[in-house]
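**Student:** The structure under discussion is supplied below as structure tokens; questions concerning it will follow.
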Amino acid sequence: MSRFRLLLCVLLMVIFPASALERPEVTFKIFQFPADMIPRIDGNADDWNMVPDSYAIGMDQLEDTEAPGGHGTDRDPKDLDVKVKVGWVKGLNRLYFLYQAHKGYWDFSRPDLHNDIFEVVVDGDLSGGPLIDEYHRDVWTPAAVGQMSALDPRISSSDAYFAQQGAQAQNYHIFTPAEGKDWAMDWGCAQYTKELPYANHAQHYNFRPGQSGDYTLEFWITPFDYAGCEGPERAVESVLTENKLIGLSFAVIDYHDPNSNQRKFWNLSHKQTFFGNASDLVGFRLMPLEPQFRKAIDAQWSFKVADPVERIVLFKDLSQGEITSWKWDFGDGTTSTEQNPIHQYKDKPGKEGVYTVILNITGPGGTSRMAKVWDVHVRGSEPKPGP
């Protein structure tokens, strides 16, 4: 490697650190709900009783980043005590949240942004970077090594808002409780991200402004790799898969007086700027099913038509459990004992090309079968032309 390239690599590492997330020493967990136990969004936390306490995030993980020095840790559970759990369901690009809080003084009488808030930011593909207009206009100056920034005069705040705000990561200011106002403020112009079919919510409480009490909020949101101002027709959902790491963080904004802007900002990221920069989020991992919800052995598989002309299909085993043998029946009279076979269909010319494919697996936990009827569809062989 030349000295120039080595210097360039070092410079880039200084300007753009390898880690795009805060608090790399900890990875929080997202509980996988079984497909037949998806929580009902009704403000009742009973559906979440199956989630182990190891998934719960409490006040001990939060710091008040608006306190002097930015690391306030003077926690009083009589004043504020919160517990947060996050879940997902395999096959759905949704993040489920349970937010439970006790407060000594609930502040929610005003119709504007001044409200006790649960603020959530999600970056489903770890793209990082700015997600609000003022950060989007920040640029590296020639003194980039010193990490100085300035505003690009060519980019107006309006241009940055419509081009970037909330597009590659989403910020939700969720009003706790929301009374006489929308349940959340989506920080950007893609307001569809907080509405069905991309989000849903329910809350439960029995206190009035200024009183103490317990609050429960259930909701789910859809993270987006791209959620532009033009509407959902061009939006791209983040694909959630098992063991995937995503960027996520939240803060509890705690007011005590409707006539004062004084507040506490209890922050999971521990970095104040997480609300506008997805590189300041923390890591959450989409966990597999807990052992008590798994079958001892369960046959599952997928396929992809690699070459429709040559009729070549790739099969992938997705089975769960300890497996010692696989047997595939491709529906054309041929079989395979490979785990992930590649098969070329060569049956009679003129055949329609739809097949019932069966996978049988065996292991210490028993046997399991998964048949898919006519899912595998490749074009039929063309009859050879006559003389």
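Starting from 1 in every chain, residues are counted up; chains themselves are A, B, ... following the order of the structure tokens, and ligands are numbered from 1 as listed.
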Residues within 6 Å of stretch 44-60 of chain A, please, as a ChimeraX atom specification. Count only C-alpha atoms; anything in the same chain fewer than 3 positions from it doesn't count.

**Tutor:** /A:29,39,82-85

**Student:** Dump as a tab-separated table the rows for residues of stretch 153-259 of chain A within 8 Å of stretch 96-108 of chain A: closest atom pair and distance in Å with one decimal, only C-alpha atoms counted, ordered by chain and rising residue number.

**Tutor:**
residue	atom	partner	partner_atom	distance
A:Phe175	CA	A:Phe108	CA	7.9
A:Thr176	CA	A:Phe108	CA	7.4
A:Pro177	CA	A:Phe108	CA	6.7
A:Ala178	CA	A:Phe108	CA	7.4
A:Glu179	CA	A:Phe108	CA	7.5
A:Arg208	CA	A:Trp106	CA	7.5
A:Pro209	CA	A:Asp107	CA	5.5
A:Gly210	CA	A:Tyr105	CA	5.1
A:Gln211	CA	A:Tyr105	CA	5.2
A:Ser212	CA	A:Gly104	CA	4.3
A:Gly213	CA	A:His102	CA	5.7
A:Asp214	CA	A:His102	CA	4.5
A:Tyr215	CA	A:Ala101	CA	5.2
A:Thr216	CA	A:Gln100	CA	4.6
A:Leu217	CA	A:Tyr99	CA	5.1
A:Glu218	CA	A:Leu98	CA	4.8
A:Phe219	CA	A:Phe97	CA	5.4
A:Trp220	CA	A:Tyr96	CA	4.2
A:Ile221	CA	A:Tyr96	CA	6.8
A:Tyr255	CA	A:Asp107	CA	6.0
A:His256	CA	A:Asp107	CA	6.1
A:Asp257	CA	A:Asp107	CA	6.7
A:Pro258	CA	A:Asp107	CA	6.4

**Student:** As a ChimeraX atom specification, please: all residues of stretch 303-343 of chain A that backbone DSSP puts in strand (DSSP E or B).

**Tutor:** /A:303-307,312-317,320-321,325-329,335-336,342-343

**Student:** Generate the output file for the selected residues, C-alpha atoms, as a compact mmCIF listing (two decimals), in the first residue's frame.

**Tutor:**
# COMPACT_ATOMS: atom_id res chain seq x y z
CA PHE A 303 -36.16 -21.51 -2.99
CA LYS A 304 -35.02 -19.26 -5.81
CA VAL A 305 -35.22 -19.84 -9.55
CA ALA A 306 -31.64 -19.13 -10.57
CA ASP A 307 -32.05 -19.76 -14.31
CA ILE A 312 -32.31 -24.41 -12.39
CA VAL A 313 -33.66 -23.88 -8.85
CA LEU A 314 -31.69 -23.23 -5.65
CA PHE A 315 -33.20 -24.72 -2.49
CA LYS A 316 -32.27 -23.47 0.98
CA ASP A 317 -32.90 -25.31 4.22
CA GLN A 320 -35.01 -25.36 13.16
CA GLY A 321 -33.52 -27.80 15.66
CA SER A 325 -30.41 -35.89 7.72
CA TRP A 326 -32.32 -34.18 4.92
CA LYS A 327 -34.34 -35.73 2.11
CA TRP A 328 -35.75 -33.61 -0.69
CA ASP A 329 -38.40 -34.75 -3.15
CA THR A 335 -34.59 -36.66 -4.76
CA SER A 336 -31.55 -35.33 -2.88
CA ILE A 342 -29.27 -27.13 -6.58
CA HIS A 343 -31.71 -28.85 -8.92

**Student:** Got a sec: who's within 8 Å of A:Gly365, counting only C-alpha atoms, leaving out chain neighbours fewer than 6 positions off, as a ChimeraX atom specification?

**Tutor:** /A:296-297,321-322

**Student:** Using only C-alpha atoms, can you tell me which of A:Ile323, A:Leu92, A:Leu268, A:Leu289 comes closest to A:Phe31?

**Tutor:**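 Distance minimum relative to A:Phe31 lands on A:Leu289.
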
**Student:** One decimal, in Å: what's the spacing between atom CA of A:Gly353 and atom CA of A:Gly91?

**Tutor:**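 Result for atom CA of A:Gly353 versus atom CA of A:Gly91: 27.6 Å, one decimal.
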
**Student:** For A:Arg285, which of A:Asp74, A:Glu338, A:Glu237, A:Asp125 is the closest residue, counting only C-alpha atoms?

**Tutor:** A:Asp125

**Student:** List every residue of stretch 67-131 of chain A that has an atom at most 10 Å from any atom of stretch 181-199 of chain A, and for each one report the closest atom pair and its distance in Å to one decimal, counting only C-alpha atoms, with rows sorted by chain and then by increasing residue number, as a tab-separated table.

**Tutor:**
residue	atom	partner	partner_atom	distance
A:Asn93	CA	A:Tyr198	CA	9.3
A:Arg94	CA	A:Tyr198	CA	8.1
A:Leu95	CA	A:Ala199	CA	9.3
A:Tyr96	CA	A:Ala199	CA	9.5
A:Arg110	CA	A:Lys181	CA	9.5
A:Pro111	CA	A:Lys181	CA	6.6
A:Asp112	CA	A:Lys181	CA	8.5
A:Leu113	CA	A:Met185	CA	8.4
A:Ile117	CA	A:Ala184	CA	8.9
A:Phe118	CA	A:Ala184	CA	9.2
A:Glu119	CA	A:Ala184	CA	9.1
A:Val120	CA	A:Asp186	CA	9.9
A:Val121	CA	A:Trp187	CA	9.8
A:Leu131	CA	A:Gly188	CA	8.7

**Student:** With N, CA and C atoms retained, write the just-selected residues as an mmCIF file, in the first residue's frame.

**Tutor:**
data_model
loop_
_atom_site.group_PDB
_atom_site.id
_atom_site.type_symbol
_atom_site.label_atom_id
_atom_site.label_comp_id
_atom_site.auth_asym_id
_atom_site.auth_seq_id
_atom_site.Cartn_x
_atom_site.Cartn_y
_atom_site.Cartn_z
ATOM 1 N N ASN A 93 -42.133 -6.581 9.195
ATOM 2 C CA ASN A 93 -41.164 -5.492 9.360
ATOM 3 C C ASN A 93 -41.715 -4.465 10.344
ATOM 4 N N ARG A 94 -41.954 -4.947 11.571
ATOM 5 C CA ARG A 94 -42.505 -4.094 12.611
ATOM 6 C C ARG A 94 -41.688 -4.237 13.886
ATOM 7 N N LEU A 95 -41.588 -3.132 14.621
ATOM 8 C CA LEU A 95 -41.019 -3.141 15.963
ATOM 9 C C LEU A 95 -42.130 -2.824 16.946
ATOM 10 N N TYR A 96 -42.337 -3.712 17.911
ATOM 11 C CA TYR A 96 -43.365 -3.555 18.935
ATOM 12 C C TYR A 96 -42.728 -2.998 20.203
ATOM 13 N N ARG A 110 -51.018 21.019 27.663
ATOM 14 C CA ARG A 110 -50.903 21.932 26.533
ATOM 15 C C ARG A 110 -51.061 21.204 25.203
ATOM 16 N N PRO A 111 -51.537 21.896 24.153
ATOM 17 C CA PRO A 111 -51.746 21.246 22.855
ATOM 18 C C PRO A 111 -50.522 21.248 21.951
ATOM 19 N N ASP A 112 -49.389 21.797 22.424
ATOM 20 C CA ASP A 112 -48.211 21.914 21.569
ATOM 21 C C ASP A 112 -47.195 20.831 21.928
ATOM 22 N N LEU A 113 -45.927 21.055 21.591
ATOM 23 C CA LEU A 113 -44.883 20.065 21.818
ATOM 24 C C LEU A 113 -44.527 19.909 23.294
ATOM 25 N N ILE A 117 -42.888 13.149 27.010
ATOM 26 C CA ILE A 117 -42.688 12.517 25.706
ATOM 27 C C ILE A 117 -41.811 11.290 25.834
ATOM 28 N N PHE A 118 -42.136 10.266 25.075
ATOM 29 C CA PHE A 118 -41.261 9.123 24.838
ATOM 30 C C PHE A 118 -40.771 9.254 23.406
ATOM 31 N N GLU A 119 -39.500 9.641 23.245
ATOM 32 C CA GLU A 119 -38.946 9.910 21.915
ATOM 33 C C GLU A 119 -38.162 8.687 21.432
ATOM 34 N N VAL A 120 -38.511 8.189 20.250
ATOM 35 C CA VAL A 120 -37.902 6.980 19.697
ATOM 36 C C VAL A 120 -37.303 7.306 18.336
ATOM 37 N N VAL A 121 -36.062 6.866 18.114
ATOM 38 C CA VAL A 121 -35.409 7.000 16.814
ATOM 39 C C VAL A 121 -34.951 5.616 16.376
ATOM 40 N N LEU A 131 -30.575 12.916 10.277
ATOM 41 C CA LEU A 131 -31.954 12.653 9.890
ATOM 42 C C LEU A 131 -32.859 13.854 10.111
#

**Student:** Would you kindly return, as an NGL selection string, each protein, DNA or RNA residue with an atom no farther than 8 Å from any atom of A:Val373, considering only C-alpha atoms and excluding same-chain residues fewer than 4 positions away?

**Tutor:** :A and (355-357)

**Student:** Apply DSSP to the backbone of this structure and, from stretch 159-383 of chain A, keep only the residues in alpha helix (DSSP H); write these as a PyMOL selection string.

**Tutor:** chain A and resi 159-164

**Student:** Given only C-alpha atoms as the basis, pick out the residue of A:Val89, A:Ile174, A:Ala67, A:Leu359 nearest to A:Ala35.

**Tutor:**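 The shortest atom-to-atom distance to A:Ala35 comes from A:Val89.
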
**Student:** Please determine, counting only C-alpha atoms, which residue among A:Phe33, A:Ala169, A:Asp159, A:Thr367 has the shortest atom-to-atom distance to A:Gly128.

**Tutor:**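 For A:Gly128, the nearest of the candidates is A:Ala169.
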
**Student:** Using only C-alpha atoms, which of A:Phe275, A:Phe250, A:Trp88, A:Phe207 sits nearest A:Gly166?

**Tutor:**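 So, comparing all the options, the nearest one is A:Phe275.
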
**Student:** My list of candidates is A:Pro34, A:Pro24, A:Pro153, A:Gly247. Which is closest to A:Pro291 when distances are computed with only C-alpha atoms?

**Tutor:**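 Smallest separation from A:Pro291 among the options: A:Pro34.
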
**Student:** Expressed in Å to a single decimal, how great is the separation between atom CA of A:Ile253 and atom CA of A:Leu281?

**Tutor:**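 Taking atom CA of A:Ile253 and atom CA of A:Leu281, their separation equals 16.7 Å.
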
**Student:** Go ahead and compute the interatomic distance for atom CA of A:Met287 and atom CA of A:Thr222, in Å to one decimal.

**Tutor:** 17.3 Å
